[in-house]
Structure formats: structure tokens, C-alpha cells
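Enquirer: For reference, this is upload-v4.cif, and it has mmCIF, C-alpha atoms and all ligand atoms.
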data_run
loop_
_atom_site.group_PDB
_atom_site.id
_atom_site.type_symbol
_atom_site.label_atom_id
_atom_site.label_comp_id
_atom_site.auth_asym_id
_atom_site.auth_seq_id
_atom_site.Cartn_x
_atom_site.Cartn_y
_atom_site.Cartn_z
ATOM 1 C CA MET A 861 0.000 0.000 0.000
ATOM 2 C CA LEU A 862 1.317 3.437 -0.919
ATOM 3 C CA PRO A 863 0.831 6.081 1.780
ATOM 4 C CA PHE A 864 -2.152 8.308 1.143
ATOM 5 C CA VAL A 865 -3.106 11.711 2.482
ATOM 6 C CA LEU A 866 -6.129 12.564 4.611
ATOM 7 C CA ALA A 867 -7.079 16.221 4.744
ATOM 8 C CA SER A 868 -9.596 18.709 6.055
ATOM 9 C CA PRO A 869 -9.566 22.500 5.673
ATOM 10 C CA THR A 870 -7.535 22.755 8.881
ATOM 11 C CA LEU A 871 -5.378 19.660 8.888
ATOM 12 C CA GLU A 872 -3.282 17.465 6.637
ATOM 13 C CA LEU A 873 -2.271 13.939 7.509
ATOM 14 C CA LEU A 874 0.771 12.736 5.563
ATOM 15 C CA ALA A 875 3.069 9.826 6.255
ATOM 16 C CA PRO A 876 6.077 11.094 8.211
ATOM 17 C CA SER A 877 9.454 11.001 6.523
ATOM 18 C CA ALA A 878 13.154 11.550 7.221
ATOM 19 C CA ALA A 879 12.676 15.322 7.233
ATOM 20 C CA ASP A 880 10.491 14.899 10.312
ATOM 21 C CA VAL A 881 13.170 13.256 12.441
ATOM 22 C CA PRO A 882 14.057 16.438 14.386
ATOM 23 C CA ALA A 883 10.414 17.163 15.212
ATOM 24 C CA ILE A 884 9.822 13.568 16.311
ATOM 25 C CA VAL A 885 12.956 13.511 18.461
ATOM 26 C CA ASP A 886 11.998 16.828 19.994
ATOM 27 C CA ALA A 887 8.443 15.733 20.847
ATOM 28 C CA CYS A 888 9.646 12.455 22.313
ATOM 29 C CA GLN A 889 11.636 14.272 25.000
ATOM 30 C CA ASP A 890 8.321 15.233 26.609
ATOM 31 C CA GLU A 891 7.611 13.626 29.982
ATOM 32 C CA THR A 892 3.873 13.358 29.405
ATOM 33 C CA LEU A 893 4.378 11.636 26.084
ATOM 34 C CA ARG A 894 6.844 9.243 27.691
ATOM 35 C CA ARG A 895 4.514 8.506 30.543
ATOM 36 C CA PHE A 896 1.558 7.589 28.369
ATOM 37 C CA THR A 897 3.318 5.817 25.490
ATOM 38 C CA THR A 898 6.054 3.256 24.989
ATOM 39 C CA VAL A 899 8.493 5.475 23.151
ATOM 40 C CA PRO A 900 12.048 4.519 24.075
ATOM 41 C CA VAL A 901 13.632 6.477 26.910
ATOM 42 C CA PRO A 902 16.019 8.123 26.232
ATOM 43 C CA TYR A 903 14.990 8.925 22.672
ATOM 44 C CA ASP A 904 17.365 10.101 19.948
ATOM 45 C CA ARG A 905 17.699 10.260 16.159
ATOM 46 C CA SER A 906 18.294 6.549 15.840
ATOM 47 C CA ASP A 907 14.976 5.841 17.578
ATOM 48 C CA ALA A 908 13.127 8.135 15.190
ATOM 49 C CA GLU A 909 14.858 6.516 12.216
ATOM 50 C CA PHE A 910 13.926 3.081 13.525
ATOM 51 C CA PHE A 911 10.334 4.244 13.958
ATOM 52 C CA LEU A 912 10.194 5.578 10.385
ATOM 53 C CA ARG A 913 11.708 2.453 8.902
ATOM 54 C CA ARG A 914 10.152 -0.338 10.943
ATOM 55 C CA ILE A 915 6.799 1.100 11.959
ATOM 56 C CA VAL A 916 5.907 3.691 9.362
ATOM 57 C CA ASP A 917 7.438 2.329 6.143
ATOM 58 C CA ASP A 918 6.923 -1.349 6.948
ATOM 59 C CA GLY A 919 3.413 -0.644 8.180
ATOM 60 C CA TRP A 920 2.395 1.028 4.926
ATOM 61 C CA ALA A 921 4.194 -1.543 2.780
ATOM 62 C CA THR A 922 2.485 -4.493 4.440
ATOM 63 C CA GLY A 923 -0.855 -2.766 4.970
ATOM 64 C CA ARG A 924 -0.611 -3.715 8.616
ATOM 65 C CA GLU A 925 -0.434 -0.270 10.171
ATOM 66 C CA PHE A 926 -0.980 3.173 8.678
ATOM 67 C CA THR A 927 0.807 6.115 10.275
ATOM 68 C CA TRP A 928 0.380 9.788 9.476
ATOM 69 C CA GLY A 929 2.027 12.984 10.632
ATOM 70 C CA LEU A 930 -0.224 15.914 11.547
ATOM 71 C CA ARG A 931 0.473 19.185 9.746
ATOM 72 C CA ARG A 932 -1.479 22.326 9.274
ATOM 73 C CA PRO A 933 -2.101 23.278 5.644
ATOM 74 C CA GLY A 934 0.776 25.287 4.251
ATOM 75 C CA SER A 935 3.102 24.244 7.041
ATOM 76 C CA GLY A 936 5.679 21.513 6.750
ATOM 77 C CA LEU A 937 6.003 21.173 10.498
ATOM 78 C CA LEU A 938 5.035 17.815 11.922
ATOM 79 C CA GLU A 939 2.941 18.492 15.026
ATOM 80 C CA GLY A 940 1.824 15.003 15.917
ATOM 81 C CA ILE A 941 1.504 11.388 14.897
ATOM 82 C CA ILE A 942 -1.565 9.182 14.513
ATOM 83 C CA SER A 943 -1.585 5.530 13.628
ATOM 84 C CA VAL A 944 -4.212 2.874 12.986
ATOM 85 C CA ARG A 945 -3.538 -0.825 13.136
ATOM 86 C CA LEU A 946 -5.700 -2.743 10.748
ATOM 87 C CA ARG A 947 -5.707 -6.119 12.450
ATOM 88 C CA SER A 948 -6.651 -4.860 15.890
ATOM 89 C CA SER A 949 -8.574 -1.844 14.522
ATOM 90 C CA ASP A 950 -7.047 0.412 17.134
ATOM 91 C CA VAL A 951 -5.630 3.894 17.019
ATOM 92 C CA GLY A 952 -2.644 5.485 18.724
ATOM 93 C CA PHE A 953 -1.450 9.085 18.731
ATOM 94 C CA TRP A 954 0.549 11.897 20.220
ATOM 95 C CA THR A 955 0.689 15.663 19.716
ATOM 96 C CA ALA A 956 3.862 17.694 20.212
ATOM 97 C CA PRO A 957 3.687 19.602 23.520
ATOM 98 C CA ALA A 958 3.614 23.066 21.931
ATOM 99 C CA SER A 959 0.688 22.082 19.701
ATOM 100 C CA ARG A 960 -1.626 20.591 22.311
ATOM 101 C CA GLY A 961 -5.043 21.882 23.245
ATOM 102 C CA ARG A 962 -5.839 23.281 19.800
ATOM 103 C CA GLY A 963 -8.052 20.474 18.606
ATOM 104 C CA LEU A 964 -5.410 18.960 16.348
ATOM 105 C CA MET A 965 -5.760 15.388 17.546
ATOM 106 C CA THR A 966 -9.526 15.556 17.720
ATOM 107 C CA GLY A 967 -9.482 16.630 14.078
ATOM 108 C CA ALA A 968 -6.980 13.952 13.126
ATOM 109 C CA LEU A 969 -8.891 11.158 14.817
ATOM 110 C CA SER A 970 -12.083 12.311 13.084
ATOM 111 C CA LEU A 971 -10.341 12.183 9.717
ATOM 112 C CA VAL A 972 -8.988 8.712 10.365
ATOM 113 C CA ALA A 973 -12.411 7.482 11.491
ATOM 114 C CA ASP A 974 -14.027 8.968 8.378
ATOM 115 C CA TRP A 975 -11.521 7.197 6.178
ATOM 116 C CA ALA A 976 -11.843 3.891 8.043
ATOM 117 C CA PHE A 977 -15.610 3.788 7.817
ATOM 118 C CA GLU A 978 -16.268 5.476 4.472
ATOM 119 C CA GLY A 979 -13.842 3.188 2.694
ATOM 120 C CA GLY A 980 -15.215 0.198 4.559
ATOM 121 C CA ALA A 981 -11.723 -0.679 5.748
ATOM 122 C CA LEU A 982 -12.946 -1.191 9.287
ATOM 123 C CA ARG A 983 -16.256 -1.953 10.944
ATOM 124 C CA GLU A 984 -15.183 -0.509 14.258
ATOM 125 C CA LEU A 985 -12.354 1.479 15.700
ATOM 126 C CA PHE A 986 -10.925 1.009 19.171
ATOM 127 C CA TRP A 987 -9.178 3.481 21.423
ATOM 128 C CA GLU A 988 -7.486 2.687 24.655
ATOM 129 C CA GLY A 989 -5.355 4.756 26.947
ATOM 130 C CA TYR A 990 -3.669 4.377 30.235
ATOM 131 C CA VAL A 991 -6.078 4.951 33.120
ATOM 132 C CA GLY A 992 -5.693 8.619 34.036
ATOM 133 C CA ASN A 993 -4.764 9.808 30.543
ATOM 134 C CA ASP A 994 -7.489 12.419 30.600
ATOM 135 C CA ALA A 995 -6.348 14.327 27.536
ATOM 136 C CA SER A 996 -6.302 11.245 25.328
ATOM 137 C CA ALA A 997 -9.694 10.163 26.666
ATOM 138 C CA ALA A 998 -10.993 13.670 25.962
ATOM 139 C CA VAL A 999 -9.983 13.303 22.331
ATOM 140 C CA ALA A 1000 -11.752 9.943 21.944
ATOM 141 C CA ARG A 1001 -14.781 11.278 23.764
ATOM 142 C CA HIS A 1002 -14.986 14.364 21.537
ATOM 143 C CA VAL A 1003 -14.915 12.198 18.425
ATOM 144 C CA GLY A 1004 -17.858 10.130 19.670
ATOM 145 C CA PHE A 1005 -16.235 6.985 21.017
ATOM 146 C CA THR A 1006 -18.350 5.055 23.498
ATOM 147 C CA TYR A 1007 -16.618 4.278 26.740
ATOM 148 C CA GLN A 1008 -16.489 0.539 27.408
ATOM 149 C CA GLY A 1009 -14.658 0.110 30.678
ATOM 150 C CA VAL A 1010 -11.269 -0.727 32.072
ATOM 151 C CA GLY A 1011 -9.081 -3.695 31.289
ATOM 152 C CA PRO A 1012 -5.557 -4.832 30.535
ATOM 153 C CA GLY A 1013 -4.034 -3.039 27.569
ATOM 154 C CA LEU A 1014 -3.935 -4.750 24.202
ATOM 155 C CA HIS A 1015 -0.220 -4.166 23.886
ATOM 156 C CA PRO A 1016 2.625 -4.552 26.365
ATOM 157 C CA GLY A 1017 4.017 -1.683 28.358
ATOM 158 C CA ARG A 1018 7.689 -0.916 28.795
ATOM 159 C CA ASP A 1019 7.920 -3.507 31.533
ATOM 160 C CA GLY A 1020 6.307 -6.150 29.328
ATOM 161 C CA GLY A 1021 3.108 -6.189 31.401
ATOM 162 C CA ARG A 1022 -0.397 -5.312 30.297
ATOM 163 C CA PRO A 1023 -1.204 -1.996 31.943
ATOM 164 C CA LEU A 1024 -4.703 -1.002 32.926
ATOM 165 C CA CYS A 1025 -6.403 0.963 30.210
ATOM 166 C CA TRP A 1026 -9.614 2.823 29.627
ATOM 167 C CA LYS A 1027 -11.241 1.409 26.519
ATOM 168 C CA ALA A 1028 -13.686 2.829 24.016
ATOM 169 C CA ARG A 1029 -15.161 1.979 20.647
ATOM 170 C CA LEU A 1030 -16.500 3.857 17.637
ATOM 171 C CA ARG A 1031 -18.774 2.315 15.016
ATOM 172 C CA PRO A 1032 -19.758 3.662 11.609
ATOM 173 C CA GLY A 1033 -23.270 4.736 12.570
ATOM 174 C CA ASP A 1034 -22.252 6.420 15.816
ATOM 175 C CA GLU A 1035 -22.902 10.114 16.254
ATOM 176 C CA ARG A 1036 -19.688 12.093 16.127
ATOM 177 C CA SER A 1037 -20.273 13.945 19.323
ATOM 178 C CA ALA A 1038 -19.458 13.361 22.963
ATOM 179 C CA ARG A 1039 -21.328 10.444 24.457
ATOM 180 C CA PRO A 1040 -22.276 10.015 28.108
ATOM 181 C CA GLY A 1041 -20.685 7.371 30.271
ATOM 182 C CA TRP A 1042 -17.064 8.462 30.320
ATOM 183 C CA PRO A 1043 -15.087 8.755 33.565
ATOM 184 C CA ASP A 1044 -14.548 12.180 35.034
ATOM 185 C CA LEU A 1045 -11.736 13.579 32.924
ATOM 186 C CA GLY A 1046 -10.162 15.765 35.547
ATOM 187 C CA GLY A 1047 -12.837 18.419 35.333
ATOM 188 C CA ARG A 1048 -11.944 19.229 31.725
ATOM 189 C CA SER A 1049 -13.772 17.887 28.755
ATOM 190 C CA ALA A 1050 -16.276 16.322 31.094
ATOM 191 C CA GLY A 1051 -19.802 16.064 29.885
ATOM 192 C CA PRO A 1052 -23.119 14.571 30.789
ATOM 193 C CA GLY A 1053 -23.490 11.174 32.298
ATOM 194 C CA ARG A 1054 -20.257 10.824 34.174
ATOM 195 C CA PRO A 1055 -20.476 7.431 35.813
ATOM 196 C CA ALA A 1056 -20.265 7.104 39.559
ATOM 197 C CA GLU A 1057 -18.353 3.921 38.959
ATOM 198 C CA TYR A 1058 -16.901 2.061 36.056
ATOM 199 C CA ARG A 1059 -18.923 -0.514 34.290
ATOM 200 C CA ASP A 1060 -18.385 -3.680 32.398
ATOM 201 C CA ALA A 1061 -19.168 -3.613 28.735
ATOM 202 C CA ASP A 1062 -18.832 -6.068 25.905
ATOM 203 C CA GLY A 1063 -16.115 -8.257 27.208
ATOM 204 C CA VAL A 1064 -14.060 -5.501 28.738
ATOM 205 C CA GLU A 1065 -12.808 -6.686 32.065
ATOM 206 C CA SER A 1066 -13.735 -4.460 34.965
ATOM 207 C CA VAL A 1067 -11.034 -4.205 37.552
ATOM 208 C CA GLY A 1068 -12.798 -2.272 40.268
ATOM 209 C CA ASP A 1069 -12.272 1.297 41.180
ATOM 210 C CA ALA A 1070 -10.289 2.694 38.315
ATOM 211 C CA GLY A 1071 -11.144 6.161 39.471
ATOM 212 C CA ASP A 1072 -8.528 6.011 42.158
ATOM 213 C CA GLY A 1073 -6.297 8.532 40.462
ATOM 214 C CA VAL A 1074 -3.450 6.063 40.343
ATOM 215 C CA ARG A 1075 -1.388 6.529 37.203
ATOM 216 C CA ARG A 1076 0.275 3.316 36.271
ATOM 217 C CA PRO A 1077 3.103 2.901 33.780
ATOM 218 C CA SER A 1078 1.440 2.261 30.487
ATOM 219 C CA PRO A 1079 2.110 2.163 26.815
ATOM 220 C CA ASP A 1080 0.546 3.894 24.004
ATOM 221 C CA PRO A 1081 -1.377 0.780 22.982
ATOM 222 C CA HIS A 1082 -0.272 1.409 19.472
ATOM 223 C CA ALA A 1083 3.390 1.602 20.314
ATOM 224 C CA LEU A 1084 4.134 4.270 17.786
ATOM 225 C CA ALA A 1085 7.802 4.122 18.512
ATOM 226 C CA ARG A 1086 8.442 0.883 20.220
ATOM 227 C CA ASP A 1087 11.095 -0.006 22.639
ATOM 228 C CA ARG A 1088 13.317 -2.252 20.580
ATOM 229 C CA SER A 1089 13.425 -4.769 23.345
ATOM 230 C CA LEU A 1090 9.705 -5.342 23.218
ATOM 231 C CA PRO A 1091 8.152 -7.990 21.043
ATOM 232 C CA GLU A 1092 5.909 -6.836 18.234
ATOM 233 C CA ALA A 1093 2.374 -6.505 19.498
ATOM 234 C CA PRO A 1094 -0.094 -8.870 17.880
HETATM 235 C C1 LIG B 1 -3.556 13.183 24.173
HETATM 236 C C2 LIG B 1 -3.014 14.198 23.165
HETATM 237 C C3 LIG B 1 -2.628 13.451 21.905
HETATM 238 C C4 LIG B 1 -4.114 15.211 22.848
HETATM 239 O O1 LIG B 1 -3.650 15.990 21.759
HETATM 240 P P1 LIG B 1 -4.257 17.454 21.434
HETATM 241 O O2 LIG B 1 -3.869 17.782 20.050
HETATM 242 O O3 LIG B 1 -3.888 18.375 22.523
HETATM 243 O O4 LIG B 1 -5.807 17.132 21.511
HETATM 244 P P2 LIG B 1 -7.018 18.168 21.285
HETATM 245 O O5 LIG B 1 -6.514 19.560 21.353
HETATM 246 O O6 LIG B 1 -7.748 17.712 20.085
HETATM 247 O O7 LIG B 1 -7.948 17.846 22.541
HETATM 248 C C5 LIG B 1 -7.389 17.815 23.818
HETATM 249 C C6 LIG B 1 -8.537 17.763 24.808
HETATM 250 O O8 LIG B 1 -7.987 17.237 25.997
HETATM 251 C C7 LIG B 1 -8.208 18.163 27.004
HETATM 252 N N1 LIG B 1 -7.120 18.054 27.925
HETATM 253 C C8 LIG B 1 -5.851 18.414 27.740
HETATM 254 N N2 LIG B 1 -5.154 18.161 28.862
HETATM 255 C C9 LIG B 1 -6.022 17.621 29.727
HETATM 256 C C10 LIG B 1 -5.919 17.155 31.047
HETATM 257 N N3 LIG B 1 -4.756 17.162 31.698
HETATM 258 N N4 LIG B 1 -7.021 16.688 31.651
HETATM 259 C C11 LIG B 1 -8.182 16.637 31.009
HETATM 260 N N5 LIG B 1 -8.344 17.063 29.739
HETATM 261 C C12 LIG B 1 -7.277 17.552 29.125
HETATM 262 C C13 LIG B 1 -8.279 19.485 26.350
HETATM 263 O O9 LIG B 1 -8.929 20.403 27.188
HETATM 264 C C14 LIG B 1 -9.058 19.141 25.113
HETATM 265 O O10 LIG B 1 -10.431 19.020 25.404
HETATM 266 P P3 LIG B 1 -11.418 20.285 25.195
HETATM 267 O O11 LIG B 1 -11.416 20.559 23.733
HETATM 268 O O12 LIG B 1 -12.717 19.798 25.692
HETATM 269 O O13 LIG B 1 -10.863 21.395 25.991
HETATM 270 C C15 LIG B 1 -1.784 14.952 23.754
HETATM 271 O O14 LIG B 1 -2.139 15.487 25.000
HETATM 272 C C16 LIG B 1 -0.565 14.070 23.917
HETATM 273 O O15 LIG B 1 0.206 13.910 22.981
HETATM 274 N N6 LIG B 1 -0.369 13.472 25.094
HETATM 275 C C17 LIG B 1 0.818 12.630 25.343
HETATM 276 C C18 LIG B 1 0.794 11.339 24.529
HETATM 277 C C19 LIG B 1 -0.479 10.560 24.743
HETATM 278 O O16 LIG B 1 -1.046 10.545 25.828
HETATM 279 N N7 LIG B 1 -0.945 9.880 23.675
HETATM 280 C C20 LIG B 1 -2.135 9.056 23.741
HETATM 281 C C21 LIG B 1 -1.846 7.725 24.298
HETATM 282 S S1 LIG B 1 -3.358 6.740 24.464
#
With the file now loaded, output its structure as C-alpha cells.
Ligand SMILES: CC(C)(COP(=O)(O)OP(=O)(O)OC[C@H]1O[C@@H](n2cnc3c(N)ncnc32)[C@H](O)[C@@H]1OP(=O)(O)O)[C@@H](O)C(=O)NCCC(=O)NCCS

Expert:
Amino acid sequence: MLPFVLASPTLELLAPSAADVPAIVDACQDETLRRFTTVPVPYDRSDAEFFLRRIVDDGWATGREFTWGLRRPGSGLLEGIISVRLRSSDVGFWTAPASRGRGLMTGALSLVADWAFEGGALRELFWEGYVGNDASAAVARHVGFTYQGVGPGLHPGRDGGRPLCWKARLRPGDERSARPGWPDLGGRSAGPGRPAEYRDADGVESVGDAGDGVRRPSPDPHALARDRSLPEAP
């Protein structure tokens, strides 16, 4: 599969390339990004080059995983990364620290969902994020994902374990607006129907009080730039 572009009037998603290495390396110094993803720590040029070669290029070539860089129209600057894995139908993403809070990832996830469903590539799209990753949950919630519950992550964390994740799902017919039922997202992006407690849903394992504020080491489930020591996620 050759990389293709997804675009809206405010955003362009293009496969990242070698010219983006400095921006990727820069973003991956961020503590928040490190905390909520499995990017290698420390992270340098060789990690970004590995990511471009093994995740981005191989993913497009095999059709296994599609990865785009977020750019604003007319700007060459890479401001984030979003990826969708076809086999597990799940998305992963990060936004560079200086570009956060401007709706970039909400727009990018909407574009990816439009593509996935309009082209019939996927019948559902899954998001999961480390319990306590309020900003990531806010993005999924904005796009219309339905919160499903808490369970072990699909993909291993840095320590090889399966960290606790919030999980949500989007289907083609779903309204693209915030749905009730999400945990309290730290007082921001919170909407109607905040649950008093977490609930089981569709096979998602409930593990009790996930609202305890505990932030456990966790991967980006999509392992956008994997620790080389980790096995490939299924
Ligand atoms: C999660 C992330 C990708 C969001 O990117 P972004 O481009 O800032 O996303 P948007 O601007 O579209 O939306 C961010 C939403 O999160 C909210 N948000 C940001 N920080 C938050 C926080 N600490 N607590 C709660 N909500 C928060 C914003 O207020 C915004 O919601 P709003 O529009 O209702 O105000 C970015 O914060 C990031 O890269 N984090 C580190 C890596 C990561 O966690 N990746 C996801 C792994 S599952």
C-alpha cells in the first residue's frame, strides 16, 4: 500500500518522513508523552529513524499499520503522529507539547475514522489509553467513542506487562459527538453522564475502582515508537 493523504480545511495527515526526524525527536523528549506511550527512553535520532523504517514504512508496505504525521495546511512542520492498526482496529497518537489543546488530535482522529468507515476498511475502531490519561480520553470522547470500561491493555508496556487501560469503541453509525458514560476527565472535557463507577461492557474486564487517580506505567497501545526490546504486538 502506498501512503495516502487525509485532509480537512484545517489539517493534513501525511506519512512522516526523514525530514520529520528532528520534530519527532523533539516531541519524544516530553515527559507526558513518555509517561503515556512506549516510546524509548532516552529517545534520539536513531529511535526516530527506527520508527520511520520499521513502523511507518513497513506498516504502509504491508498494509498492517498506517501512520500519518499531523500538519497544518501550508506548514511543513510535523505536530503530531496518529496511527491505525488494521488487524486490531485500534488507534494510537501523540501531539507535540507546543501544539496541544488546539483540537489537532480531535481533528486527526475524526479524519482517520471517516476514512476507516467510508472506505469500509474497518467496521469498528478502538481506542485505549492508560487509566488517568485524561487528555487522550478527551480526544476519543470528543470524536464520539463510546466508553467501554477498564481492562488490561492490548499491547505490552515498557515492563512487558499489560497496563490497565480505559477502553472505548466507535462504530460507523455512531454520532460524532461526545457520548455520556465516560469517567470524570479531571474536570476538563467532562460532559453529561459521568459514571459514579466504572462498568463492564462487551467483554471488557472491569477491575474495580479505576477512578482512584493512580497513574500506572502504560504504553501507548499502538506503540508508535516501540522499545526495541519489546516484542511486536499482535
Ligand atoms: C492526548 C493528546 C494526543 C491530545 O492531543 P491534542 O492535540 O492536545 O488534543 P485536542 O486539542 O484535540 O484535545 C485535547 C482535549 O484534551 C483536554 N485536555 C488536555 N489536557 C487535559 C488534562 N490534563 N485533563 C483533562 N483534559 C485535558 C483538552 O482540554 C481538550 O479538550 P477540550 O477541547 O474539551 O478542551 C496529547 O495530550 C498528547 O500527545 N499526550 C501525550 C501522549 C499521549 O497521551 N498519547 C495518547 C496515548 S493513548

Enquirer: For atom CA of Leu982 of chain A and atom CA of Leu969 of chain A, quote the distance in Å rounded to one decimal.

Expert: 14.1 Å

Enquirer: For each of A:Cys1025, A:Leu862, A:Leu874, A:Ile942, take the minimum atom-to-atom distance to Thr955 of chain A, counting all atoms listed in the file, then give the residue where this is smallest.

Expert: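 Among the listed residues, the smallest separation from Thr955 of chain A belongs to A:Ile942.
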
Enquirer: Neighbouring residues of Phe986 of chain A were defined as those with any atom within 9 Å, considering all atoms listed in the file; residues of the same chain fewer than 5 positions away were excluded. Please report them as a ChimeraX atom specification.

Expert: /A:948-951,1005,1027-1031

Enquirer: With distances taken over all atoms listed in the file, which residue among A:Thr922, A:Thr892, A:Ser935, A:Thr870 lies nearest ligand LIG 1 (chain B)?

Expert: A:Thr892

Enquirer: Spell out the residues picked by the PyMOL selection byres (((not hetatm)) within 8 of (chain B and resi 1)) here, as a ChimeraX atom specification.

Expert: /A:892-897,940,952-957,959-968,987-990,993-999,1002,1045-1050,1079-1082
